[in-house]
Amino acid sequence: EKAGVNVSIVRGVLPAAAARQMRARGKDMTVRPGADGLPFYAVGVSLVLHPRNPKAPTAHANFRMFEVRDWDPVEGCERARWWYGGGSDLTPSFLDEDDARHFHSTLKAACDKHGSELYPEFKRWCDEYFNNTHRALPGDDGERRGIGGIFYDDFGDTVMSAKEAEERSEEGGGKAFDFVCDAGRAFLPAYIPVLVRHVDEPFTEEDKRWQQLRRGRYVEFNLVHDRGTKFGLHTPGSRIESILVSLPETARWEYQAEDPPKDSAAGRLLEALRRPREWA
C-alpha cells in the first residue's frame, strides 16, 4: 500500500535543540570557539513497507553513520566523533510464531558472526526502544510497536583528532562497519519469506479494521518517541516529506477500542507486544 526507501547524505551544523538531544544521551561535546554550532555529517539508508494485506506484516530497517566535529579544549584542536546506528524490526497485525522465529533467527545469525553477545543486547534494546510507554497498563511497562528485531545506536563510538580521522578514513570502516553491512544484508532474507507467505492470504473487513488500529500505534510511536523523527524535525532545511515517509497511508483511532479475544492471533499479538518474548 505504501513503501518508502530513503538514502540520506546530509552535512550541516547541529542547531542547539539537536545538540541538546545528543548531550542527553551522554555525548558531551564542545563547540569550537567562535563557531555557531557543531558541524556534522550523516549518511544512511532507511526503508519502511506497509503491505495492503493485513495478514502481511509491516517491516522497517535503518542503517546509518553519524559524525560530529567538536573542539578539544585540552589539546586545542578539532576532533571527530562518529558512531553507527540502526537495525530492523517486524510489525505484524496478527501473531504468527513461525514468522517471528524466522525473522529473529535470521538476524541472530548475522549478529553471531561478530559476537554472541550482540543479538541478545540488540534484541533487548529493540524491545525497549520501540515501546509506546504512554500505552502502559497496570502490570506492564508499555506496548511495543511490533515484535522487535534488533536495534543499536552509538555502536563503534570513536573519538580522535580530525587529522587522525582523515588518515583513518582511507583504511576502511573497520569491524563496526563490517557488522553494519552484515546486519543490512540480513534484512531481505529475514523479511521476504514472511511477506511471500502472507501477501495473498484472504482477509476480512474486521482484519482490515484491526490493521488500521495497529497502524495508529505505529504512528503514535514515530511521532511521539522516535529519536530520528525528532532529530529531523529539529534540523533546519530538512525534507519533511522524507522524514514522515515512514507513516502509513491510512490509520485508525477508536475511542476505548476493545482488545481482541486473547486466544485469537490478534490477541496473542497484543500479549507479545505487552510482554516481549524470546524468538531465537
# chains A, B, ... in the order shown; residues from 1 in each chain; ligands from 1
>>> closest_atom_pairs(of="range 199-278 of chain A", to="range 44-50 of chain A", cutoff="10 Å", atoms="only C-alpha atoms", output="tab-separated table")
residue	atom	partner	partner_atom	distance
A:Arg215	CA	A:His50	CA	9.1
A:Val245	CA	A:Val48	CA	8.1
A:Ser246	CA	A:Val48	CA	5.7
A:Leu247	CA	A:Val48	CA	8.5
A:Pro248	CA	A:His50	CA	6.3
A:Glu249	CA	A:His50	CA	8.3
A:Thr250	CA	A:His50	CA	9.8
>>> write_last_selection(atoms="N, CA and C atoms", output="tab-separated table (two decimals), in the first residue's frame")
chain	number	residue	atom	x	y	z
A	215	ARG	N	-1.86	0.28	13.00
A	215	ARG	CA	-1.12	1.34	12.33
A	215	ARG	C	-1.19	2.64	13.13
A	245	VAL	N	7.90	9.85	5.71
A	245	VAL	CA	7.55	8.81	4.74
A	245	VAL	C	7.29	7.47	5.41
A	246	SER	N	7.77	7.31	6.65
A	246	SER	CA	7.57	6.05	7.36
A	246	SER	C	6.13	5.85	7.82
A	247	LEU	N	5.33	6.90	7.82
A	247	LEU	CA	3.96	6.77	8.30
A	247	LEU	C	3.09	6.05	7.27
A	248	PRO	N	2.17	5.21	7.72
A	248	PRO	CA	1.28	4.51	6.78
A	248	PRO	C	0.34	5.48	6.08
A	249	GLU	N	-0.16	5.02	4.94
A	249	GLU	CA	-1.07	5.88	4.16
A	249	GLU	C	-2.39	6.10	4.89
A	250	THR	N	-2.85	5.07	5.60
A	250	THR	CA	-4.09	5.18	6.37
A	250	THR	C	-3.89	4.55	7.74
>>> select_by_dssp(residues="range 57-200 of chain A", states="strand (DSSP E)", output="ChimeraX atom specification")
/A:58-72,77-91,131-132,143-144,148-161
>>> residues_around(residues="Leu107 in chain A", least_positions_apart="2", cutoff="9 Å", atoms="only C-alpha atoms", output="PDB file with C-alpha atoms, in the first residue's frame")
ATOM      1  CA  SER A  88      15.460  -3.833  11.529  1.00  0.00           C
ATOM      2  CA  HIS A 102      12.344 -16.950  11.165  1.00  0.00           C
ATOM      3  CA  PHE A 103      12.817 -13.169  11.317  1.00  0.00           C
ATOM      4  CA  HIS A 104      14.711 -13.215  14.610  1.00  0.00           C
ATOM      5  CA  SER A 105      16.799 -16.295  13.794  1.00  0.00           C
ATOM      6  CA  ALA A 109      22.816 -15.479  12.609  1.00  0.00           C
ATOM      7  CA  ALA A 110      24.096 -12.183  11.169  1.00  0.00           C
ATOM      8  CA  CYS A 111      24.888 -10.818  14.634  1.00  0.00           C
ATOM      9  CA  ASP A 112      26.580 -14.012  15.821  1.00  0.00           C
ATOM     10  CA  TYR A 119      21.932 -10.306  19.306  1.00  0.00           C
ATOM     11  CA  GLY A 149      14.222  -7.432  15.809  1.00  0.00           C
ATOM     12  CA  ILE A 150      17.496  -5.648  16.502  1.00  0.00           C
ATOM     13  CA  ALA A 183      23.080  -6.661   9.528  1.00  0.00           C
ATOM     14  CA  ALA A 186      20.273  -9.959   6.571  1.00  0.00           C
ATOM     15  CA  PHE A 187      17.119  -7.861   6.214  1.00  0.00           C
ATOM     16  CA  ALA A 190      14.595 -12.208   7.144  1.00  0.00           C
TER      17      ALA A 190
END
>>> closest_atom_pairs(of="range 116-194 of chain A", to="range 254-273 of chain A", cutoff="7 Å", atoms="only C-alpha atoms", output="CSV")
residue,atom,partner,partner_atom,distance
A:Glu143,CA,A:Leu273,CA,5.3
A:Arg144,CA,A:Leu273,CA,4.8
A:Gly146,CA,A:Leu273,CA,6.3
A:Ile147,CA,A:Leu273,CA,6.3
>>> write_last_selection(atoms="N, CA, C and O atoms", output="PDB file, in the first residue's frame")
ATOM      1  N   GLU A 143       3.455  -0.795  25.428  1.00  0.00           N
ATOM      2  CA  GLU A 143       3.020  -1.626  24.308  1.00  0.00           C
ATOM      3  C   GLU A 143       3.990  -1.411  23.153  1.00  0.00           C
ATOM      4  O   GLU A 143       4.094  -0.306  22.626  1.00  0.00           O
ATOM      5  N   ARG A 144       4.718  -2.464  22.788  1.00  0.00           N
ATOM      6  CA  ARG A 144       5.708  -2.338  21.729  1.00  0.00           C
ATOM      7  C   ARG A 144       5.039  -2.072  20.384  1.00  0.00           C
ATOM      8  O   ARG A 144       3.904  -2.468  20.148  1.00  0.00           O
ATOM      9  N   GLY A 146       5.986  -3.400  17.601  1.00  0.00           N
ATOM     10  CA  GLY A 146       5.918  -4.675  16.897  1.00  0.00           C
ATOM     11  C   GLY A 146       6.592  -5.760  17.714  1.00  0.00           C
ATOM     12  O   GLY A 146       6.811  -5.606  18.921  1.00  0.00           O
ATOM     13  N   ILE A 147       6.957  -6.853  17.048  1.00  0.00           N
ATOM     14  CA  ILE A 147       7.576  -7.971  17.762  1.00  0.00           C
ATOM     15  C   ILE A 147       9.097  -7.890  17.717  1.00  0.00           C
ATOM     16  O   ILE A 147       9.787  -8.856  18.018  1.00  0.00           O
TER      17      ILE A 147
END
>>> select_by_dssp(residues="range 59-113 of chain A", states="helix (DSSP H, G or I)", output="ChimeraX atom specification")
/A:97-112
>>> write_last_selection(atoms="all heavy atoms", output="compact mmCIF listing (two decimals), in the first residue's frame")
# COMPACT_ATOMS: atom_id res chain seq x y z
N GLU A 97 3.88 -17.26 14.97
CA GLU A 97 5.12 -17.58 15.67
C GLU A 97 6.21 -18.07 14.73
O GLU A 97 7.40 -17.84 14.98
CB GLU A 97 4.84 -18.60 16.78
CG GLU A 97 3.92 -18.05 17.85
CD GLU A 97 3.88 -18.92 19.10
OE1 GLU A 97 4.65 -19.91 19.17
OE2 GLU A 97 3.10 -18.60 20.02
N ASP A 98 5.84 -18.75 13.66
CA ASP A 98 6.85 -19.18 12.69
C ASP A 98 7.53 -17.97 12.04
O ASP A 98 8.74 -17.97 11.81
CB ASP A 98 6.22 -20.06 11.60
CG ASP A 98 5.82 -21.43 12.13
OD1 ASP A 98 6.37 -21.86 13.17
OD2 ASP A 98 4.94 -22.07 11.51
N ASP A 99 6.74 -16.94 11.72
CA ASP A 99 7.31 -15.71 11.17
C ASP A 99 8.29 -15.08 12.15
O ASP A 99 9.39 -14.66 11.77
CB ASP A 99 6.20 -14.69 10.87
CG ASP A 99 5.28 -15.12 9.75
OD1 ASP A 99 5.63 -16.06 9.01
OD2 ASP A 99 4.21 -14.50 9.62
N ALA A 100 7.87 -15.00 13.41
CA ALA A 100 8.72 -14.37 14.43
C ALA A 100 10.04 -15.12 14.59
O ALA A 100 11.11 -14.51 14.66
CB ALA A 100 7.97 -14.31 15.76
N ARG A 101 9.95 -16.45 14.62
CA ARG A 101 11.17 -17.25 14.78
C ARG A 101 12.09 -17.09 13.57
O ARG A 101 13.31 -16.98 13.71
CB ARG A 101 10.81 -18.71 15.01
CG ARG A 101 10.35 -18.99 16.44
CD ARG A 101 10.21 -20.49 16.69
NE ARG A 101 9.02 -21.02 16.03
CZ ARG A 101 7.84 -21.14 16.63
NH1 ARG A 101 7.68 -20.76 17.89
NH2 ARG A 101 6.80 -21.64 15.98
N HIS A 102 11.52 -17.09 12.36
CA HIS A 102 12.34 -16.95 11.16
C HIS A 102 13.03 -15.58 11.14
O HIS A 102 14.25 -15.49 10.89
CB HIS A 102 11.49 -17.12 9.91
CG HIS A 102 12.24 -16.74 8.66
ND1 HIS A 102 13.14 -17.57 8.04
CD2 HIS A 102 12.24 -15.58 7.93
CE1 HIS A 102 13.66 -16.97 6.99
NE2 HIS A 102 13.14 -15.76 6.90
N PHE A 103 12.27 -14.53 11.38
CA PHE A 103 12.82 -13.17 11.32
C PHE A 103 13.96 -13.00 12.32
O PHE A 103 15.06 -12.56 11.98
CB PHE A 103 11.71 -12.16 11.58
CG PHE A 103 12.10 -10.73 11.34
CD1 PHE A 103 12.11 -10.20 10.07
CD2 PHE A 103 12.46 -9.90 12.40
CE1 PHE A 103 12.47 -8.87 9.83
CE2 PHE A 103 12.83 -8.58 12.18
CZ PHE A 103 12.83 -8.07 10.89
N HIS A 104 13.70 -13.39 13.56
CA HIS A 104 14.71 -13.21 14.61
C HIS A 104 15.91 -14.14 14.41
O HIS A 104 17.06 -13.72 14.64
CB HIS A 104 14.08 -13.44 15.98
CG HIS A 104 13.35 -12.24 16.51
ND1 HIS A 104 13.94 -11.31 17.33
CD2 HIS A 104 12.09 -11.81 16.30
CE1 HIS A 104 13.07 -10.36 17.63
NE2 HIS A 104 11.93 -10.64 17.02
N SER A 105 15.69 -15.36 13.99
CA SER A 105 16.80 -16.29 13.79
C SER A 105 17.74 -15.82 12.69
O SER A 105 18.97 -15.98 12.79
CB SER A 105 16.28 -17.70 13.47
OG SER A 105 15.56 -18.22 14.56
N THR A 106 17.17 -15.24 11.65
CA THR A 106 18.00 -14.73 10.55
C THR A 106 18.86 -13.56 11.02
O THR A 106 20.06 -13.48 10.70
CB THR A 106 17.12 -14.29 9.37
OG1 THR A 106 16.27 -15.38 8.97
CG2 THR A 106 17.97 -13.87 8.19
N LEU A 107 18.28 -12.65 11.80
CA LEU A 107 19.06 -11.54 12.33
C LEU A 107 20.11 -12.02 13.33
O LEU A 107 21.23 -11.50 13.36
CB LEU A 107 18.12 -10.52 13.00
CG LEU A 107 17.08 -9.85 12.10
CD1 LEU A 107 16.30 -8.81 12.89
CD2 LEU A 107 17.73 -9.20 10.89
N LYS A 108 19.75 -13.01 14.14
CA LYS A 108 20.70 -13.54 15.12
C LYS A 108 21.92 -14.15 14.43
O LYS A 108 23.06 -13.96 14.88
CB LYS A 108 20.03 -14.59 16.00
CG LYS A 108 20.93 -15.20 17.07
CD LYS A 108 20.18 -16.19 17.93
CE LYS A 108 21.05 -16.73 19.05
NZ LYS A 108 22.24 -17.44 18.58
N ALA A 109 21.70 -14.86 13.33
CA ALA A 109 22.82 -15.48 12.61
C ALA A 109 23.78 -14.41 12.10
O ALA A 109 25.00 -14.58 12.13
CB ALA A 109 22.29 -16.32 11.45
N ALA A 110 23.23 -13.28 11.64
CA ALA A 110 24.10 -12.18 11.17
C ALA A 110 24.87 -11.57 12.32
O ALA A 110 26.07 -11.25 12.19
CB ALA A 110 23.25 -11.12 10.47
N CYS A 111 24.22 -11.40 13.46
CA CYS A 111 24.89 -10.82 14.63
C CYS A 111 25.96 -11.75 15.18
O CYS A 111 27.05 -11.30 15.58
CB CYS A 111 23.87 -10.52 15.73
SG CYS A 111 22.70 -9.19 15.37
N ASP A 112 25.67 -13.04 15.21
CA ASP A 112 26.58 -14.01 15.82
C ASP A 112 27.93 -14.06 15.12
O ASP A 112 28.93 -14.47 15.73
CB ASP A 112 25.95 -15.40 15.84
CG ASP A 112 24.86 -15.54 16.89
OD1 ASP A 112 24.71 -14.61 17.71
OD2 ASP A 112 24.15 -16.57 16.88
>>> residues_around(residues="Tyr84 in chain A", least_positions_apart="5", cutoff="10 Å", atoms="only C-alpha atoms", output="PyMOL selection string")
chain A and resi 42-44+63-67+152-158+176-177+179-180
>>> write_last_selection(atoms="C-alpha atoms", output="PDB file, in the first residue's frame")
ATOM      1  CA  ALA A  42      25.246  11.876   8.410  1.00  0.00           C
ATOM      2  CA  VAL A  43      24.722   9.122   5.861  1.00  0.00           C
ATOM      3  CA  GLY A  44      22.234   6.283   5.882  1.00  0.00           C
ATOM      4  CA  PHE A  63      21.371   1.715   8.799  1.00  0.00           C
ATOM      5  CA  ARG A  64      23.277   4.940   9.367  1.00  0.00           C
ATOM      6  CA  MET A  65      26.531   6.609  10.363  1.00  0.00           C
ATOM      7  CA  PHE A  66      26.780   9.937  12.154  1.00  0.00           C
ATOM      8  CA  GLU A  67      29.889  12.089  12.538  1.00  0.00           C
ATOM      9  CA  TYR A 152      21.555  -0.394  18.176  1.00  0.00           C
ATOM     10  CA  ASP A 153      22.922   3.107  18.488  1.00  0.00           C
ATOM     11  CA  ASP A 154      26.258   4.672  19.408  1.00  0.00           C
ATOM     12  CA  PHE A 155      27.822   1.464  18.060  1.00  0.00           C
ATOM     13  CA  GLY A 156      31.562   1.659  17.448  1.00  0.00           C
ATOM     14  CA  ASP A 157      31.616   5.114  19.079  1.00  0.00           C
ATOM     15  CA  THR A 158      35.025   6.560  18.158  1.00  0.00           C
ATOM     16  CA  ALA A 176      31.871  -1.898  13.381  1.00  0.00           C
ATOM     17  CA  PHE A 177      31.245  -1.108   9.720  1.00  0.00           C
ATOM     18  CA  PHE A 179      28.814  -5.611  11.327  1.00  0.00           C
ATOM     19  CA  VAL A 180      26.535  -2.893   9.942  1.00  0.00           C
TER      20      VAL A 180
END
>>> residues_around(residues="Arg79 in chain A", least_positions_apart="3", cutoff="9 Å", atoms="only C-alpha atoms", output="tab-separated table (two decimals) with C-alpha atoms, in the first residue's frame")
chain	number	residue	atom	x	y	z
A	68	VAL	CA	30.25	15.29	14.55
A	69	ARG	CA	33.19	17.68	14.68
A	70	ASP	CA	33.69	19.43	18.02
A	71	TRP	CA	36.55	21.12	19.89
A	72	ASP	CA	39.06	19.53	22.25
A	159	VAL	CA	36.74	9.82	19.10
A	160	MET	CA	40.03	11.08	17.64
A	161	SER	CA	41.59	14.22	16.30
A	162	ALA	CA	40.29	15.46	12.96
A	163	LYS	CA	43.72	14.84	11.42
A	164	GLU	CA	43.77	11.21	12.61
A	165	ALA	CA	40.22	10.75	11.31
>>> residues_around(residues="Asp36 in chain A", least_positions_apart="2", cutoff="9 Å", atoms="only C-alpha atoms", output="compact mmCIF listing (two decimals) with N, CA, C and O atoms, in the first residue's frame")
# COMPACT_ATOMS: atom_id res chain seq x y z
N VAL A 13 25.24 22.03 10.28
CA VAL A 13 25.65 22.42 11.62
C VAL A 13 24.50 22.08 12.56
O VAL A 13 23.35 22.48 12.30
N LEU A 14 24.80 21.35 13.62
CA LEU A 14 23.76 20.97 14.56
C LEU A 14 23.24 22.20 15.30
O LEU A 14 24.01 22.89 15.95
N PRO A 15 21.94 22.47 15.22
CA PRO A 15 21.38 23.57 16.00
C PRO A 15 21.33 23.21 17.47
O PRO A 15 21.54 22.05 17.86
N VAL A 31 31.55 23.17 21.53
CA VAL A 31 31.54 23.96 20.30
C VAL A 31 32.86 24.70 20.18
O VAL A 31 33.37 25.27 21.16
N ARG A 32 33.42 24.69 18.98
CA ARG A 32 34.66 25.42 18.73
C ARG A 32 34.48 26.90 19.02
O ARG A 32 33.44 27.48 18.63
N PRO A 33 35.44 27.54 19.70
CA PRO A 33 35.30 28.98 19.99
C PRO A 33 35.03 29.79 18.73
O PRO A 33 35.72 29.65 17.72
N GLY A 34 33.99 30.60 18.80
CA GLY A 34 33.62 31.44 17.67
C GLY A 34 32.67 30.79 16.68
O GLY A 34 32.16 31.45 15.78
N LEU A 38 27.80 22.71 15.99
CA LEU A 38 28.65 21.55 15.76
C LEU A 38 28.49 21.06 14.33
O LEU A 38 27.41 20.60 13.95
>>> closest_residue(among="A:Arg209, A:Arg81, A:Arg217, A:Arg52", to="His134 in chain A", atoms="only C-alpha atoms")
A:Arg217
>>> atom_distance(atom1="CA of Lys113 in chain A", atom2="CA of Asp182 in chain A")
8.6 Å
>>> closest_residue(among="A:Ala3, A:Ile243, A:Ala61, A:Met29", to="Ala80 in chain A", atoms="only C-alpha atoms")
A:Met29
>>> residues_around(residues="Pro202 in chain A", least_positions_apart="5", cutoff="10 Å", atoms="only C-alpha atoms", output="PDB file with N, CA and C atoms, in the first residue's frame")
ATOM      1  N   ASN A  53      -2.329  -5.982   2.513  1.00  0.00           N
ATOM      2  CA  ASN A  53      -2.965  -7.119   3.178  1.00  0.00           C
ATOM      3  C   ASN A  53      -2.634  -7.095   4.669  1.00  0.00           C
ATOM      4  N   PRO A  54      -3.654  -7.071   5.549  1.00  0.00           N
ATOM      5  CA  PRO A  54      -3.382  -7.029   6.989  1.00  0.00           C
ATOM      6  C   PRO A  54      -2.691  -8.276   7.527  1.00  0.00           C
ATOM      7  N   LYS A  55      -2.719  -9.379   6.779  1.00  0.00           N
ATOM      8  CA  LYS A  55      -2.032 -10.586   7.223  1.00  0.00           C
ATOM      9  C   LYS A  55      -0.523 -10.515   6.974  1.00  0.00           C
ATOM     10  N   ASP A 207     -10.441  -7.805   9.846  1.00  0.00           N
ATOM     11  CA  ASP A 207      -8.977  -7.882   9.805  1.00  0.00           C
ATOM     12  C   ASP A 207      -8.388  -6.525   9.409  1.00  0.00           C
TER      13      ASP A 207
END
>>> closest_residue(among="A:Cys77, A:Ile192, A:Leu223, A:Val10", to="Pro57 in chain A", atoms="only C-alpha atoms")
A:Ile192
>>> decode(residues="range 173-185 of chain A", atoms="all heavy atoms", output="PDB file, in the first residue's frame")
ATOM      1  N   GLY A 173      36.191   1.022   6.959  1.00  0.00           N
ATOM      2  CA  GLY A 173      35.314   1.285   8.091  1.00  0.00           C
ATOM      3  C   GLY A 173      35.618   0.527   9.359  1.00  0.00           C
ATOM      4  O   GLY A 173      35.146   0.889  10.431  1.00  0.00           O
ATOM      5  N   GLY A 174      36.361  -0.571   9.289  1.00  0.00           N
ATOM      6  CA  GLY A 174      36.681  -1.328  10.481  1.00  0.00           C
ATOM      7  C   GLY A 174      35.611  -2.340  10.852  1.00  0.00           C
ATOM      8  O   GLY A 174      34.654  -2.586  10.114  1.00  0.00           O
ATOM      9  N   LYS A 175      35.767  -2.936  12.035  1.00  0.00           N
ATOM     10  CA  LYS A 175      34.893  -4.028  12.469  1.00  0.00           C
ATOM     11  C   LYS A 175      33.446  -3.579  12.655  1.00  0.00           C
ATOM     12  O   LYS A 175      32.513  -4.333  12.343  1.00  0.00           O
ATOM     13  CB  LYS A 175      35.439  -4.626  13.761  1.00  0.00           C
ATOM     14  CG  LYS A 175      36.770  -5.349  13.595  1.00  0.00           C
ATOM     15  CD  LYS A 175      37.227  -5.957  14.903  1.00  0.00           C
ATOM     16  CE  LYS A 175      38.539  -6.716  14.718  1.00  0.00           C
ATOM     17  NZ  LYS A 175      39.013  -7.308  15.996  1.00  0.00           N
ATOM     18  N   ALA A 176      33.247  -2.380  13.186  1.00  0.00           N
ATOM     19  CA  ALA A 176      31.871  -1.898  13.381  1.00  0.00           C
ATOM     20  C   ALA A 176      31.154  -1.771  12.044  1.00  0.00           C
ATOM     21  O   ALA A 176      29.982  -2.148  11.918  1.00  0.00           O
ATOM     22  CB  ALA A 176      31.879  -0.563  14.120  1.00  0.00           C
ATOM     23  N   PHE A 177      31.849  -1.252  11.042  1.00  0.00           N
ATOM     24  CA  PHE A 177      31.245  -1.108   9.720  1.00  0.00           C
ATOM     25  C   PHE A 177      30.932  -2.473   9.110  1.00  0.00           C
ATOM     26  O   PHE A 177      29.897  -2.658   8.464  1.00  0.00           O
ATOM     27  CB  PHE A 177      32.175  -0.324   8.805  1.00  0.00           C
ATOM     28  CG  PHE A 177      31.625  -0.104   7.427  1.00  0.00           C
ATOM     29  CD1 PHE A 177      30.550   0.742   7.219  1.00  0.00           C
ATOM     30  CD2 PHE A 177      32.185  -0.748   6.334  1.00  0.00           C
ATOM     31  CE1 PHE A 177      30.040   0.946   5.946  1.00  0.00           C
ATOM     32  CE2 PHE A 177      31.678  -0.543   5.059  1.00  0.00           C
ATOM     33  CZ  PHE A 177      30.606   0.307   4.860  1.00  0.00           C
ATOM     34  N   ASP A 178      31.805  -3.454   9.324  1.00  0.00           N
ATOM     35  CA  ASP A 178      31.559  -4.807   8.814  1.00  0.00           C
ATOM     36  C   ASP A 178      30.277  -5.376   9.408  1.00  0.00           C
ATOM     37  O   ASP A 178      29.479  -6.028   8.707  1.00  0.00           O
ATOM     38  CB  ASP A 178      32.738  -5.724   9.145  1.00  0.00           C
ATOM     39  CG  ASP A 178      33.999  -5.361   8.367  1.00  0.00           C
ATOM     40  OD1 ASP A 178      33.876  -4.667   7.345  1.00  0.00           O
ATOM     41  OD2 ASP A 178      35.091  -5.775   8.796  1.00  0.00           O
ATOM     42  N   PHE A 179      30.053  -5.138  10.705  1.00  0.00           N
ATOM     43  CA  PHE A 179      28.814  -5.611  11.327  1.00  0.00           C
ATOM     44  C   PHE A 179      27.595  -4.943  10.704  1.00  0.00           C
ATOM     45  O   PHE A 179      26.594  -5.602  10.404  1.00  0.00           O
ATOM     46  CB  PHE A 179      28.817  -5.342  12.834  1.00  0.00           C
ATOM     47  CG  PHE A 179      27.442  -5.459  13.441  1.00  0.00           C
ATOM     48  CD1 PHE A 179      26.882  -6.700  13.681  1.00  0.00           C
ATOM     49  CD2 PHE A 179      26.685  -4.326  13.704  1.00  0.00           C
ATOM     50  CE1 PHE A 179      25.596  -6.814  14.194  1.00  0.00           C
ATOM     51  CE2 PHE A 179      25.400  -4.429  14.218  1.00  0.00           C
ATOM     52  CZ  PHE A 179      24.862  -5.683  14.464  1.00  0.00           C
ATOM     53  N   VAL A 180      27.667  -3.627  10.516  1.00  0.00           N
ATOM     54  CA  VAL A 180      26.535  -2.893   9.942  1.00  0.00           C
ATOM     55  C   VAL A 180      26.186  -3.456   8.564  1.00  0.00           C
ATOM     56  O   VAL A 180      25.006  -3.621   8.220  1.00  0.00           O
ATOM     57  CB  VAL A 180      26.851  -1.391   9.869  1.00  0.00           C
ATOM     58  CG1 VAL A 180      25.758  -0.647   9.118  1.00  0.00           C
ATOM     59  CG2 VAL A 180      27.014  -0.813  11.264  1.00  0.00           C
ATOM     60  N   CYS A 181      27.208  -3.775   7.774  1.00  0.00           N
ATOM     61  CA  CYS A 181      26.963  -4.336   6.438  1.00  0.00           C
ATOM     62  C   CYS A 181      26.264  -5.687   6.532  1.00  0.00           C
ATOM     63  O   CYS A 181      25.301  -5.958   5.793  1.00  0.00           O
ATOM     64  CB  CYS A 181      28.283  -4.475   5.685  1.00  0.00           C
ATOM     65  SG  CYS A 181      29.011  -2.900   5.194  1.00  0.00           S
ATOM     66  N   ASP A 182      26.719  -6.552   7.430  1.00  0.00           N
ATOM     67  CA  ASP A 182      26.099  -7.871   7.564  1.00  0.00           C
ATOM     68  C   ASP A 182      24.668  -7.762   8.091  1.00  0.00           C
ATOM     69  O   ASP A 182      23.777  -8.509   7.656  1.00  0.00           O
ATOM     70  CB  ASP A 182      26.936  -8.752   8.492  1.00  0.00           C
ATOM     71  CG  ASP A 182      28.180  -9.299   7.807  1.00  0.00           C
ATOM     72  OD1 ASP A 182      28.193  -9.364   6.561  1.00  0.00           O
ATOM     73  OD2 ASP A 182      29.140  -9.665   8.515  1.00  0.00           O
ATOM     74  N   ALA A 183      24.438  -6.855   9.016  1.00  0.00           N
ATOM     75  CA  ALA A 183      23.080  -6.661   9.528  1.00  0.00           C
ATOM     76  C   ALA A 183      22.162  -6.167   8.417  1.00  0.00           C
ATOM     77  O   ALA A 183      20.996  -6.575   8.329  1.00  0.00           O
ATOM     78  CB  ALA A 183      23.097  -5.666  10.690  1.00  0.00           C
ATOM     79  N   GLY A 184      22.667  -5.300   7.558  1.00  0.00           N
ATOM     80  CA  GLY A 184      21.859  -4.817   6.445  1.00  0.00           C
ATOM     81  C   GLY A 184      21.546  -5.915   5.446  1.00  0.00           C
ATOM     82  O   GLY A 184      20.408  -6.026   4.959  1.00  0.00           O
ATOM     83  N   ARG A 185      22.540  -6.734   5.131  1.00  0.00           N
ATOM     84  CA  ARG A 185      22.323  -7.811   4.160  1.00  0.00           C
ATOM     85  C   ARG A 185      21.353  -8.871   4.688  1.00  0.00           C
ATOM     86  O   ARG A 185      20.777  -9.619   3.897  1.00  0.00           O
ATOM     87  CB  ARG A 185      23.663  -8.461   3.817  1.00  0.00           C
ATOM     88  CG  ARG A 185      24.630  -7.540   3.086  1.00  0.00           C
ATOM     89  CD  ARG A 185      25.861  -8.288   2.619  1.00  0.00           C
ATOM     90  NE  ARG A 185      26.855  -7.377   2.051  1.00  0.00           N
ATOM     91  CZ  ARG A 185      27.978  -7.015   2.668  1.00  0.00           C
ATOM     92  NH1 ARG A 185      28.247  -7.498   3.872  1.00  0.00           N
ATOM     93  NH2 ARG A 185      28.822  -6.181   2.091  1.00  0.00           N
TER      94      ARG A 185
END
